[in-house]
>>> print(open('upload.csv').read())   # CSV, C-alpha atoms and all ligand atoms
chain,number,residue,atom,x,y,z
A,8,MET,CA,179.0,123.9,-89.1
A,9,PRO,CA,179.0,120.9,-91.4
A,10,ALA,CA,178.5,117.4,-89.9
A,11,PRO,CA,181.6,116.3,-88.0
A,12,SER,CA,183.9,114.0,-89.8
A,13,ALA,CA,184.2,110.4,-88.5
A,14,LEU,CA,184.9,110.0,-84.8
A,15,SER,CA,187.7,107.8,-83.6
A,16,TYR,CA,188.0,106.5,-80.1
A,17,SER,CA,190.7,109.0,-79.2
A,18,SER,CA,188.8,112.0,-80.7
A,19,TYR,CA,185.7,110.9,-78.7
A,20,ARG,CA,187.7,110.6,-75.5
A,21,THR,CA,189.4,113.9,-76.1
A,22,TYR,CA,186.1,115.7,-76.6
A,23,LEU,CA,184.6,114.1,-73.4
A,24,GLU,CA,187.7,115.3,-71.5
A,25,CYS,CA,187.8,118.8,-72.9
A,26,PRO,CA,185.9,120.1,-75.9
A,27,LEU,CA,188.3,123.1,-76.3
A,28,ARG,CA,191.3,120.8,-76.5
A,29,TRP,CA,189.4,118.8,-79.1
A,30,LYS,CA,188.9,122.0,-81.1
A,31,TYR,CA,192.6,122.9,-80.9
A,32,LEU,CA,193.5,119.4,-82.2
A,33,TYR,CA,190.8,118.5,-84.7
A,34,VAL,CA,189.6,121.9,-86.0
A,35,GLU,CA,192.7,124.0,-85.8
A,36,HIS,CA,195.1,121.1,-86.2
A,37,ARG,CA,197.6,122.5,-83.7
A,38,PRO,CA,200.5,120.2,-83.1
A,39,GLU,CA,201.2,118.6,-79.8
A,40,LEU,CA,204.7,118.1,-78.4
A,41,PRO,CA,206.1,114.7,-79.1
A,42,ARG,CA,206.1,112.4,-76.1
A,43,GLY,CA,208.4,109.4,-75.6
A,44,TYR,CA,205.7,107.0,-74.6
A,45,PHE,CA,203.6,107.7,-77.7
A,46,THR,CA,206.7,107.3,-79.9
A,47,PHE,CA,207.4,104.0,-78.1
A,48,GLY,CA,203.9,102.8,-78.7
A,49,ARG,CA,204.0,103.6,-82.4
A,50,VAL,CA,207.4,101.8,-82.8
A,51,ILE,CA,206.3,98.7,-81.0
A,52,HIS,CA,203.0,98.5,-83.0
A,53,SER,CA,204.9,98.8,-86.3
A,54,VAL,CA,207.3,95.9,-85.4
A,55,LEU,CA,204.4,93.8,-84.1
A,56,GLU,CA,202.8,94.3,-87.4
A,57,GLU,CA,205.9,93.0,-89.2
A,58,ILE,CA,205.8,89.9,-87.0
A,59,VAL,CA,202.2,89.1,-87.6
A,60,ARG,CA,201.4,90.3,-91.1
A,61,PRO,CA,202.8,87.3,-93.0
A,62,PHE,CA,200.3,85.1,-91.2
A,63,VAL,CA,197.2,87.0,-92.1
A,64,VAL,CA,194.4,85.0,-93.6
A,65,PRO,CA,191.7,87.5,-94.7
A,66,ALA,CA,188.1,86.8,-93.6
A,67,PRO,CA,184.9,87.4,-95.6
A,68,ARG,CA,183.7,91.0,-95.7
A,69,ARG,CA,180.3,92.5,-95.8
A,70,PRO,CA,179.3,93.5,-99.3
A,71,GLY,CA,180.6,97.0,-100.1
A,72,SER,CA,183.0,97.2,-97.1
A,73,GLY,CA,186.3,96.8,-99.0
A,74,ASP,CA,188.4,93.9,-100.1
A,75,GLY,CA,190.0,93.1,-96.7
A,76,GLN,CA,193.6,92.8,-95.9
A,77,LYS,CA,196.4,91.6,-98.2
A,78,THR,CA,199.2,89.6,-96.7
A,79,LEU,CA,202.8,90.4,-97.5
A,80,ASP,CA,202.7,87.6,-100.1
A,81,ASP,CA,199.9,89.4,-101.9
A,82,TRP,CA,201.9,92.6,-101.9
A,83,SER,CA,204.9,90.9,-103.6
A,84,ALA,CA,202.7,90.5,-106.7
A,85,GLY,CA,201.9,87.0,-105.8
A,86,SER,CA,205.4,85.7,-106.5
A,87,LEU,CA,205.5,84.0,-103.1
A,88,ALA,CA,201.8,83.1,-103.0
A,89,ALA,CA,202.5,79.4,-102.9
A,90,THR,CA,205.1,79.8,-100.2
A,91,PRO,CA,203.9,79.2,-96.6
A,92,PRO,CA,204.4,82.2,-94.4
A,93,ARG,CA,207.8,82.5,-92.8
A,94,ALA,CA,208.3,83.9,-89.3
A,95,LEU,CA,210.9,86.5,-88.8
A,96,THR,CA,214.1,85.2,-87.2
A,97,THR,CA,215.1,86.9,-83.9
A,98,GLU,CA,217.9,88.7,-85.9
A,99,GLU,CA,215.4,90.0,-88.4
A,100,LEU,CA,213.1,91.1,-85.6
A,101,LEU,CA,215.8,93.1,-83.9
A,102,ALA,CA,216.9,94.6,-87.2
A,103,ALA,CA,213.3,95.6,-87.8
A,104,TYR,CA,213.2,97.2,-84.4
A,105,ASP,CA,216.4,99.1,-85.0
A,106,ARG,CA,215.0,100.4,-88.3
A,107,ALA,CA,211.7,101.5,-86.7
A,108,TRP,CA,213.3,103.1,-83.6
A,109,SER,CA,212.8,106.8,-83.1
A,110,GLY,CA,214.2,108.9,-80.2
A,111,GLU,CA,211.5,111.6,-80.6
A,112,GLY,CA,210.0,112.9,-77.4
A,113,TYR,CA,212.1,111.3,-74.8
A,114,SER,CA,213.4,113.5,-71.9
A,115,GLY,CA,217.0,112.3,-72.6
A,116,PRO,CA,219.3,109.4,-73.4
A,117,ASP,CA,218.6,107.7,-70.1
A,118,GLU,CA,214.8,107.6,-70.7
A,119,GLU,CA,215.3,106.6,-74.3
A,120,GLY,CA,217.7,103.8,-73.4
A,121,ARG,CA,215.3,102.4,-70.8
A,122,TYR,CA,212.4,102.4,-73.2
A,123,ARG,CA,214.6,100.9,-76.0
A,124,ALA,CA,215.6,98.0,-73.7
A,125,LEU,CA,212.0,97.5,-72.6
A,126,GLY,CA,210.9,97.3,-76.2
A,127,ARG,CA,213.5,94.9,-77.2
A,128,ASP,CA,212.6,92.6,-74.3
A,129,LEU,CA,208.9,92.8,-74.9
A,130,LEU,CA,209.2,92.2,-78.7
A,131,VAL,CA,211.5,89.1,-78.3
A,132,ARG,CA,209.1,87.6,-75.8
A,133,PHE,CA,206.1,88.4,-78.0
A,134,HIS,CA,207.9,86.9,-81.0
A,135,ASP,CA,208.7,83.8,-79.0
A,136,GLN,CA,205.1,83.3,-77.7
A,137,PHE,CA,203.7,84.0,-81.2
A,138,ALA,CA,205.9,81.1,-82.6
A,139,ARG,CA,204.9,78.7,-79.7
A,140,HIS,CA,201.2,79.6,-79.7
A,141,PRO,CA,200.3,80.6,-83.2
A,142,VAL,CA,197.0,82.4,-83.8
A,143,VAL,CA,195.2,82.9,-87.1
A,144,PRO,CA,195.2,86.6,-87.7
A,145,VAL,CA,192.5,87.9,-90.1
A,146,ALA,CA,193.9,91.5,-90.2
A,147,VAL,CA,196.6,93.7,-88.6
A,148,GLU,CA,196.7,97.5,-88.2
A,149,GLU,CA,193.5,97.7,-90.3
A,150,HIS,CA,191.7,101.0,-90.8
A,151,LEU,CA,187.9,100.6,-90.7
A,152,GLU,CA,185.1,103.0,-91.1
A,153,ALA,CA,181.4,102.6,-90.3
A,154,ARG,CA,178.2,104.5,-89.7
A,155,TRP,CA,176.6,103.5,-86.4
A,156,ASP,CA,173.0,104.5,-86.6
A,157,GLY,CA,174.0,107.8,-88.2
A,158,ILE,CA,177.2,108.4,-86.3
A,159,PRO,CA,180.3,108.1,-88.5
A,160,LEU,CA,183.2,106.2,-86.9
A,161,HIS,CA,186.6,105.1,-87.8
A,162,GLY,CA,189.6,103.4,-86.2
A,163,TYR,CA,192.8,101.4,-86.6
A,164,ILE,CA,192.4,97.9,-85.2
A,165,ASP,CA,195.7,96.4,-84.0
A,166,ARG,CA,194.8,92.8,-84.8
A,167,ILE,CA,191.7,90.7,-85.6
A,168,ASP,CA,192.1,87.0,-85.0
A,169,ARG,CA,189.9,84.0,-85.9
A,170,THR,CA,188.5,82.3,-82.8
A,171,PRO,CA,188.5,78.4,-82.5
A,172,THR,CA,184.7,78.5,-83.1
A,173,GLY,CA,185.0,80.5,-86.3
A,174,GLY,CA,184.2,84.0,-85.0
A,175,LEU,CA,186.4,87.0,-84.6
A,176,GLU,CA,188.5,88.3,-81.7
A,177,ILE,CA,189.6,91.9,-81.6
A,178,VAL,CA,193.0,92.4,-80.0
A,179,ASP,CA,194.3,95.8,-78.9
A,180,TYR,CA,197.9,96.0,-77.8
A,181,LYS,CA,198.7,98.0,-74.7
A,182,THR,CA,202.2,99.1,-73.7
A,183,SER,CA,201.1,100.6,-70.4
A,184,ARG,CA,202.5,99.6,-67.1
A,185,GLU,CA,199.2,98.4,-65.6
A,186,LEU,CA,196.2,96.7,-67.1
A,187,SER,CA,193.3,94.8,-65.6
A,188,ALA,CA,190.3,92.7,-66.6
A,189,GLU,CA,188.1,95.6,-65.7
A,190,ASP,CA,189.9,97.7,-68.3
A,191,ALA,CA,188.8,95.3,-71.0
A,192,ARG,CA,185.3,95.0,-69.6
A,193,ASP,CA,184.8,98.8,-69.4
A,194,SER,CA,186.7,99.8,-72.6
A,195,ASP,CA,184.8,102.1,-74.9
A,196,GLN,CA,187.7,101.7,-77.3
A,197,LEU,CA,187.0,97.9,-77.6
A,198,SER,CA,183.3,98.6,-78.0
A,199,ILE,CA,183.9,101.0,-80.8
A,200,TYR,CA,186.2,98.5,-82.5
A,201,GLN,CA,183.5,95.9,-82.2
A,202,VAL,CA,181.0,98.1,-84.0
A,203,LEU,CA,183.6,98.8,-86.7
A,204,VAL,CA,184.5,95.1,-87.2
A,205,GLU,CA,180.9,94.0,-87.2
A,206,SER,CA,180.0,96.6,-89.7
A,207,ASN,CA,182.8,95.5,-92.1
A,208,TYR,CA,183.1,91.7,-91.5
A,209,ALA,CA,180.6,89.0,-92.3
A,210,GLU,CA,181.5,86.9,-89.2
A,211,PRO,CA,180.5,87.7,-85.7
A,212,VAL,CA,182.8,89.3,-83.1
A,213,GLU,CA,183.0,86.8,-80.2
A,214,ARG,CA,185.8,88.2,-78.0
A,215,LEU,CA,187.4,91.5,-77.2
A,216,THR,CA,191.0,91.5,-75.8
A,217,LEU,CA,193.5,94.0,-74.4
A,218,LEU,CA,196.9,92.4,-74.7
A,219,HIS,CA,199.2,93.7,-72.0
A,220,LEU,CA,202.5,93.6,-73.8
A,221,ARG,CA,204.8,93.8,-70.8
A,222,SER,CA,203.4,90.6,-69.3
A,223,LEU,CA,201.8,89.1,-72.5
A,224,VAL,CA,198.7,88.6,-70.4
A,225,PRO,CA,195.5,88.8,-72.5
A,226,HIS,CA,192.6,90.4,-70.7
A,227,ARG,CA,189.6,88.9,-72.6
A,228,THR,CA,185.9,89.7,-72.4
A,229,ALA,CA,183.0,88.5,-74.4
A,230,ALA,CA,181.7,90.8,-77.2
A,231,ARG,CA,179.1,93.3,-76.0
A,232,THR,CA,175.4,92.8,-76.6
A,233,ARG,CA,173.4,95.4,-78.5
A,234,THR,CA,171.9,96.5,-75.2
A,235,ALA,CA,175.3,96.9,-73.5
A,236,LEU,CA,176.4,99.1,-76.5
A,237,ASP,CA,173.4,101.5,-76.2
A,238,PRO,CA,174.8,103.9,-73.6
A,239,LEU,CA,178.0,104.3,-75.7
A,240,HIS,CA,175.9,105.1,-78.7
A,241,THR,CA,174.1,107.8,-76.7
A,242,ARG,CA,177.5,109.3,-75.5
A,243,LEU,CA,178.9,109.2,-79.0
A,244,GLY,CA,175.7,110.9,-80.3
A,245,ALA,CA,176.1,113.6,-77.6
A,246,VAL,CA,179.7,114.2,-78.7
A,247,ALA,CA,178.7,114.4,-82.4
A,248,ASP,CA,176.0,116.9,-81.5
A,249,GLY,CA,178.4,119.0,-79.5
A,250,ILE,CA,180.8,119.1,-82.4
A,251,ARG,CA,178.1,120.0,-84.8
A,252,GLU,CA,176.9,122.8,-82.5
A,253,GLN,CA,180.4,124.0,-82.0
A,254,ALA,CA,180.2,123.5,-78.2
A,255,PHE,CA,183.9,124.0,-77.4
A,256,GLU,CA,184.0,125.2,-73.8
A,257,PRO,CA,187.1,124.4,-71.8
A,258,THR,CA,186.7,121.8,-69.1
A,259,PRO,CA,189.6,122.2,-66.7
A,260,GLY,CA,190.7,119.4,-64.5
A,261,ARG,CA,193.7,117.2,-63.7
A,262,HIS,CA,194.1,116.4,-67.4
A,263,CYS,CA,195.3,120.1,-67.9
A,264,THR,CA,198.7,119.1,-66.5
A,265,ARG,CA,199.4,117.2,-69.7
A,266,CYS,CA,197.7,119.6,-72.1
A,267,ASP,CA,200.1,121.4,-74.5
A,268,PHE,CA,197.6,124.3,-75.0
A,269,ARG,CA,197.6,125.9,-71.6
A,270,SER,CA,199.4,129.0,-72.9
A,271,ILE,CA,196.5,129.8,-75.2
A,272,CYS,CA,193.6,128.3,-73.1
A,273,PRO,CA,191.3,131.0,-71.6
A,274,GLU,CA,191.3,129.0,-68.3
A,275,PHE,CA,195.0,129.7,-67.9
A,276,ARG,CA,195.4,133.1,-69.6
A,277,THR,CA,196.3,135.9,-67.2
A,278,VAL,CA,195.0,139.5,-67.3
A,279,PRO,CA,197.3,141.9,-69.2
A,280,PRO,CA,198.9,144.3,-66.7
A,281,PRO,CA,197.2,147.5,-68.1
A,282,GLU,CA,193.8,146.0,-67.5
A,283,GLU,CA,194.4,144.6,-64.1
A,284,ALA,CA,193.1,147.5,-62.0
A,285,ARG,CA,189.9,148.1,-64.1
A,286,LEU,CA,189.0,144.4,-64.1
A,287,ALA,CA,189.8,144.0,-60.4
A,288,ALA,CA,187.3,146.9,-59.7
A,289,LEU,CA,184.7,145.2,-61.8
A,290,VAL,CA,185.2,141.8,-60.0
A,291,ASP,CA,184.8,143.6,-56.6
A,292,ARG,CA,181.6,145.3,-57.7
A,293,PHE,CA,180.3,142.0,-59.0
A,294,GLU,CA,181.1,140.2,-55.7
A,295,SER,CA,179.4,142.9,-53.7
A,296,LEU,CA,176.3,142.8,-55.9
A,297,ARG,CA,176.3,139.0,-55.5
A,298,ALA,CA,176.3,139.5,-51.7
A,299,ASP,CA,173.3,141.9,-52.0
A,300,GLU,CA,171.5,139.4,-54.2
A,301,ARG,CA,171.9,136.6,-51.6
A,302,ARG,CA,170.6,138.9,-48.9
A,303,LEU,CA,167.7,140.1,-51.0
A,304,ASN,CA,166.8,136.5,-52.1
A,305,SER,CA,166.7,135.4,-48.5
A,306,GLU,CA,164.5,138.4,-47.5
A,307,LEU,CA,162.3,137.7,-50.5
A,308,ALA,CA,161.9,134.0,-49.5
A,309,ARG,CA,160.9,135.0,-45.9
A,310,ALA,CA,158.3,137.6,-47.2
A,311,ALA,CA,156.9,135.0,-49.7
A,312,GLU,CA,156.6,132.4,-46.9
A,313,GLU,CA,154.9,134.8,-44.5
A,314,LEU,CA,152.5,135.9,-47.2
A,315,HIS,CA,151.8,132.2,-48.1
A,316,HIS,CA,150.9,131.3,-44.6
A,317,ALA,CA,148.6,134.3,-44.2
A,318,ALA,CA,146.9,133.6,-47.6
A,319,GLU,CA,146.6,129.9,-46.8
A,320,SER,CA,145.0,130.5,-43.4
A,321,LEU,CA,142.5,132.9,-45.0
A,322,GLY,CA,141.9,130.8,-48.2
A,323,LEU,CA,143.2,133.5,-50.5
A,324,HIS,CA,144.9,133.3,-53.9
A,325,ARG,CA,145.0,137.0,-54.7
A,326,VAL,CA,146.3,139.6,-52.2
A,327,PRO,CA,146.2,143.3,-53.2
A,328,GLY,CA,149.0,145.7,-52.1
A,329,THR,CA,149.2,149.4,-52.9
A,330,ARG,CA,151.1,149.1,-56.1
A,331,ALA,CA,150.4,145.5,-57.2
A,332,VAL,CA,148.3,142.4,-56.6
A,333,ALA,CA,150.2,139.3,-55.4
A,334,ILE,CA,148.8,136.1,-57.0
A,335,ARG,CA,149.5,132.7,-55.5
A,336,ARG,CA,150.3,129.9,-58.0
A,337,ARG,CA,150.7,126.2,-57.5
A,338,GLU,CA,153.2,124.1,-59.5
A,339,GLU,CA,153.4,120.3,-59.4
A,340,ALA,CA,156.2,118.2,-60.8
A,341,TRP,CA,157.1,114.5,-60.6
A,342,GLN,CA,160.6,113.5,-59.7
A,343,TYR,CA,162.2,110.1,-60.4
A,344,SER,CA,165.1,108.4,-58.7
A,345,LEU,CA,167.4,107.5,-61.7
A,346,ASP,CA,169.1,104.9,-59.4
A,347,SER,CA,165.8,103.1,-59.2
A,348,VAL,CA,164.8,103.6,-62.9
A,349,ARG,CA,168.0,102.5,-64.5
A,350,PRO,CA,167.9,98.8,-63.2
A,351,LEU,CA,164.3,98.5,-64.4
A,352,LEU,CA,165.2,99.6,-67.9
A,353,LYS,CA,168.3,97.5,-68.0
A,354,ALA,CA,166.4,94.4,-67.0
A,355,ALA,CA,163.9,95.1,-69.7
A,356,GLY,CA,166.7,95.7,-72.3
A,357,VAL,CA,165.5,99.2,-73.0
A,358,SER,CA,168.3,101.3,-71.3
A,359,GLY,CA,169.0,103.2,-74.5
A,360,ARG,CA,165.6,104.9,-74.4
A,361,LEU,CA,166.4,107.0,-71.3
A,362,GLY,CA,168.2,109.7,-73.3
A,363,GLN,CA,170.2,112.1,-71.1
A,364,GLU,CA,168.9,110.6,-67.9
A,365,SER,CA,167.0,113.5,-66.4
A,366,SER,CA,163.5,113.5,-64.8
A,367,ASP,CA,162.3,115.1,-68.1
A,368,ASP,CA,163.6,112.0,-69.9
A,369,VAL,CA,161.8,109.7,-67.5
A,370,ARG,CA,158.6,111.6,-68.1
A,371,ARG,CA,159.1,111.2,-71.9
A,372,LEU,CA,159.8,107.5,-71.4
A,373,LEU,CA,156.5,107.0,-69.6
A,374,ARG,CA,154.8,108.0,-72.9
A,375,ASP,CA,157.1,105.9,-75.0
A,376,THR,CA,155.0,103.1,-76.4
A,377,GLU,CA,158.0,101.1,-77.4
A,378,VAL,CA,158.7,100.6,-73.7
A,379,PRO,CA,156.5,97.7,-72.3
A,380,ALA,CA,153.5,99.0,-70.4
A,381,GLU,CA,154.5,96.9,-67.3
A,382,ILE,CA,157.9,98.6,-67.2
A,383,ARG,CA,156.4,102.0,-67.6
A,384,ARG,CA,154.1,101.3,-64.7
A,385,LYS,CA,157.0,100.2,-62.5
A,386,VAL,CA,159.0,103.3,-63.5
A,387,ALA,CA,156.0,105.5,-62.7
A,388,GLU,CA,155.8,103.9,-59.2
A,389,THR,CA,159.4,105.2,-58.5
A,390,GLY,CA,158.2,108.8,-58.8
A,391,SER,CA,157.3,111.2,-56.1
A,392,ARG,CA,155.2,114.4,-56.5
A,393,ARG,CA,156.7,117.7,-55.5
A,394,VAL,CA,154.3,120.6,-55.0
A,395,ARG,CA,155.6,124.2,-55.0
A,396,TRP,CA,153.7,127.4,-54.3
A,397,TYR,CA,155.0,130.7,-55.6
A,398,TRP,CA,153.9,134.3,-56.1
A,399,GLU,CA,153.4,136.4,-59.2
A,400,LEU,CA,152.9,140.1,-59.1
A,401,ASP,CA,150.3,141.8,-61.2
A,402,THR,CA,151.3,145.5,-61.5
A,403,GLY,CA,148.5,146.3,-63.9
A,404,SER,CA,150.9,146.6,-66.8
A,405,GLY,CA,149.8,143.3,-68.2
A,406,ASP,CA,153.1,141.7,-67.5
A,407,PRO,CA,153.1,139.6,-64.3
A,408,ARG,CA,156.4,139.6,-62.3
A,501,LIG,S1,194.4,123.5,-70.5
A,501,LIG,FE1,192.7,122.2,-69.7
A,501,LIG,S2,190.9,123.4,-70.1
A,501,LIG,FE2,192.5,124.3,-71.4
A,501,LIG,S3,192.3,123.3,-73.4
A,501,LIG,FE3,193.8,122.1,-72.2
A,501,LIG,S4,192.6,120.5,-71.2
A,501,LIG,FE4,191.2,122.1,-71.9
>>> encode(input="upload.csv", output="structure tokens")
Amino acid sequence: MPAPSALSYSSYRTYLECPLRWKYLYVEHRPELPRGYFTFGRVIHSVLEEIVRPFVVPAPRRPGSGDGQKTLDDWSAGSLAATPPRALTTEELLAAYDRAWSGEGYSGPDEEGRYRALGRDLLVRFHDQFARHPVVPVAVEEHLEARWDGIPLHGYIDRIDRTPTGGLEIVDYKTSRELSAEDARDSDQLSIYQVLVESNYAEPVERLTLLHLRSLVPHRTAARTRTALDPLHTRLGAVADGIREQAFEPTPGRHCTRCDFRSICPEFRTVPPPEEARLAALVDRFESLRADERRLNSELARAAEELHHAAESLGLHRVPGTRAVAIRRREEAWQYSLDSVRPLLKAAGVSGRLGQESSDDVRRLLRDTEVPAEIRRKVAETGSRRVRWYWELDTGSGDPR
């Protein structure tokens, strides 16, 4: 399969939740049912754009990253270029809202009416606050693309503002009921937007904000450090690899209740009636073999242990039977507690070098010369050695079992 096209935050999140759903959406382009709250979000975003866009003052871009945003004045062929931006009146705002409104996806007139009233209230209060506490927007609803160390990304940024200290603040509008400071602190969406903005703009991103539109409370956090972004890069890389390798297994869970593809998903498909009896017999046979397997495995473990104790006490490694020779083998492996390793790597600013976070990755890290020797020594001290004895059978066929 060719390299995946650019990942957006929602595509990344969809793949993490269920790769098969990702395939239905992004490979097969199957449509989803419209939902009122998505329609509502789209409408609100488009009216907010109308409120803010006249005030956009574009910021310098990195070379080759595009020209930046045009204000509405630029779009009117410069005829109003000398005119200071004019805020929408409340009447114009409500007219814009009426024009943008769509009733798609609501369960009925009651739900649509509730959302419509909520949107009206929320927009009027936003409009009022925007007039009383003006900001300097650098861009609104801007589509940005970037390659983050080989991973292609893209996204639409609701708003980028200039901060009082001359940097940039990324603002993402949220129409959800609840929102907290932790949401902003833990948001992969804001992290991806930071990467996109930093790749396209010359000035640094200083702040990341989720703006809760129902309360107009901004949940702000400082821009992430490179080290803090490393785990996200690893996760995005794993998603990009999964897509490239066509790993599209279904991952059922609570999210299935809002998935529109249950009727075609193998996790929810039922056996066709003509096949029911045949498949039921196969399942019964499989279940009974599994029970035999468990019984035999436990017998095997007991026999191996008895043999081990006898061989140990006699100092033997090879024990002949009548049909094969049993050969005793020793295997040694180091195990690491990732809960102990992670803080060490984090303190040293090298968290990103742990890969998929298995004991194998820790062993690899111990040979990684880019990790300071002192840190590797401390990581090595968290390990414990596990020794396992096991038996191979030499039947004389040259193929030990
Ligand atoms: S129903 Fe569940 S498992 Fe199946 S595609 Fe949808 S989310 Fe994935």
>>> residues_near_ligand(input="upload.csv", ligand="ligand LIG 501 (chain A)", cutoff="12 Å", atoms="only C-alpha atoms and all ligand atoms", output="ChimeraX atom specification")
/A:20-32,37,39,255-276
>>> closest_residue(input="upload.csv", among="A:Ile199, A:Ile51, A:Ala245, A:Leu160", to="Leu125 in chain A", atoms="only C-alpha atoms")
A:Ile51
>>> closest_residue(input="upload.csv", among="A:Asp367, A:Glu205, A:Glu283, A:Glu210", to="Gly390 in chain A", atoms="all atoms listed in the file")
A:Asp367
>>> atom_distance(input="upload.csv", atom1="CA of His161 in chain A", atom2="CA of Leu14 in chain A")
6.0 Å
>>> atom_distance(input="upload.csv", atom1="CA of Ala191 in chain A", atom2="CA of Ser53 in chain A")
22.5 Å
>>> residues_around(input="upload.csv", residues="range 92-100 of chain A", least_positions_apart="2", cutoff="12 Å", atoms="only C-alpha atoms", output="JSON, numbers by chain")
{"A": [51, 53, 54, 55, 56, 57, 58, 59, 60, 61, 62, 63, 64, 78, 79, 80, 81, 87, 88, 89, 90, 102, 103, 104, 105, 106, 107, 126, 127, 128, 129, 130, 131, 132, 133, 134, 135, 137, 138, 139, 141, 143]}
>>> build_atoms(input="upload.csv", residues="range 265-277 of chain A", atoms="N, CA, C and O atoms", output="PDB file, in the coordinates of the input")
ATOM      1  N   ARG A 265     198.726 117.720 -68.532  1.00  0.00           N
ATOM      2  CA  ARG A 265     199.400 117.200 -69.700  1.00  0.00           C
ATOM      3  C   ARG A 265     198.864 117.766 -71.013  1.00  0.00           C
ATOM      4  O   ARG A 265     199.007 117.180 -72.075  1.00  0.00           O
ATOM      5  N   CYS A 266     198.229 118.941 -70.906  1.00  0.00           N
ATOM      6  CA  CYS A 266     197.700 119.600 -72.100  1.00  0.00           C
ATOM      7  C   CYS A 266     198.761 120.594 -72.617  1.00  0.00           C
ATOM      8  O   CYS A 266     199.268 121.412 -71.853  1.00  0.00           O
ATOM      9  N   ASP A 267     199.042 120.520 -73.920  1.00  0.00           N
ATOM     10  CA  ASP A 267     200.100 121.400 -74.500  1.00  0.00           C
ATOM     11  C   ASP A 267     199.491 122.804 -74.825  1.00  0.00           C
ATOM     12  O   ASP A 267     200.217 123.653 -75.342  1.00  0.00           O
ATOM     13  N   PHE A 268     198.207 123.036 -74.570  1.00  0.00           N
ATOM     14  CA  PHE A 268     197.600 124.300 -75.000  1.00  0.00           C
ATOM     15  C   PHE A 268     197.292 125.253 -73.872  1.00  0.00           C
ATOM     16  O   PHE A 268     196.495 126.176 -74.024  1.00  0.00           O
ATOM     17  N   ARG A 269     197.938 125.035 -72.719  1.00  0.00           N
ATOM     18  CA  ARG A 269     197.600 125.900 -71.600  1.00  0.00           C
ATOM     19  C   ARG A 269     197.956 127.359 -71.856  1.00  0.00           C
ATOM     20  O   ARG A 269     197.280 128.244 -71.377  1.00  0.00           O
ATOM     21  N   SER A 270     199.002 127.593 -72.662  1.00  0.00           N
ATOM     22  CA  SER A 270     199.400 129.000 -72.900  1.00  0.00           C
ATOM     23  C   SER A 270     198.351 129.760 -73.686  1.00  0.00           C
ATOM     24  O   SER A 270     198.311 130.986 -73.636  1.00  0.00           O
ATOM     25  N   ILE A 271     197.494 129.044 -74.425  1.00  0.00           N
ATOM     26  CA  ILE A 271     196.500 129.800 -75.200  1.00  0.00           C
ATOM     27  C   ILE A 271     195.060 129.526 -74.656  1.00  0.00           C
ATOM     28  O   ILE A 271     194.102 130.120 -75.130  1.00  0.00           O
ATOM     29  N   CYS A 272     194.943 128.643 -73.666  1.00  0.00           N
ATOM     30  CA  CYS A 272     193.600 128.300 -73.100  1.00  0.00           C
ATOM     31  C   CYS A 272     193.112 129.439 -72.240  1.00  0.00           C
ATOM     32  O   CYS A 272     193.838 129.900 -71.354  1.00  0.00           O
ATOM     33  N   PRO A 273     191.866 129.913 -72.432  1.00  0.00           N
ATOM     34  CA  PRO A 273     191.300 131.000 -71.600  1.00  0.00           C
ATOM     35  C   PRO A 273     191.343 130.678 -70.113  1.00  0.00           C
ATOM     36  O   PRO A 273     191.393 131.585 -69.277  1.00  0.00           O
ATOM     37  N   GLU A 274     191.274 129.394 -69.766  1.00  0.00           N
ATOM     38  CA  GLU A 274     191.300 129.000 -68.300  1.00  0.00           C
ATOM     39  C   GLU A 274     192.601 129.368 -67.676  1.00  0.00           C
ATOM     40  O   GLU A 274     192.678 129.487 -66.469  1.00  0.00           O
ATOM     41  N   PHE A 275     193.652 129.478 -68.452  1.00  0.00           N
ATOM     42  CA  PHE A 275     195.000 129.700 -67.900  1.00  0.00           C
ATOM     43  C   PHE A 275     195.604 131.035 -68.282  1.00  0.00           C
ATOM     44  O   PHE A 275     196.699 131.365 -67.872  1.00  0.00           O
ATOM     45  N   ARG A 276     194.890 131.789 -69.123  1.00  0.00           N
ATOM     46  CA  ARG A 276     195.400 133.100 -69.600  1.00  0.00           C
ATOM     47  C   ARG A 276     195.352 134.082 -68.429  1.00  0.00           C
ATOM     48  O   ARG A 276     194.387 134.065 -67.659  1.00  0.00           O
ATOM     49  N   THR A 277     196.338 134.963 -68.309  1.00  0.00           N
ATOM     50  CA  THR A 277     196.300 135.900 -67.200  1.00  0.00           C
ATOM     51  C   THR A 277     195.913 137.317 -67.780  1.00  0.00           C
ATOM     52  O   THR A 277     196.031 137.573 -68.982  1.00  0.00           O
TER      53      THR A 277
END
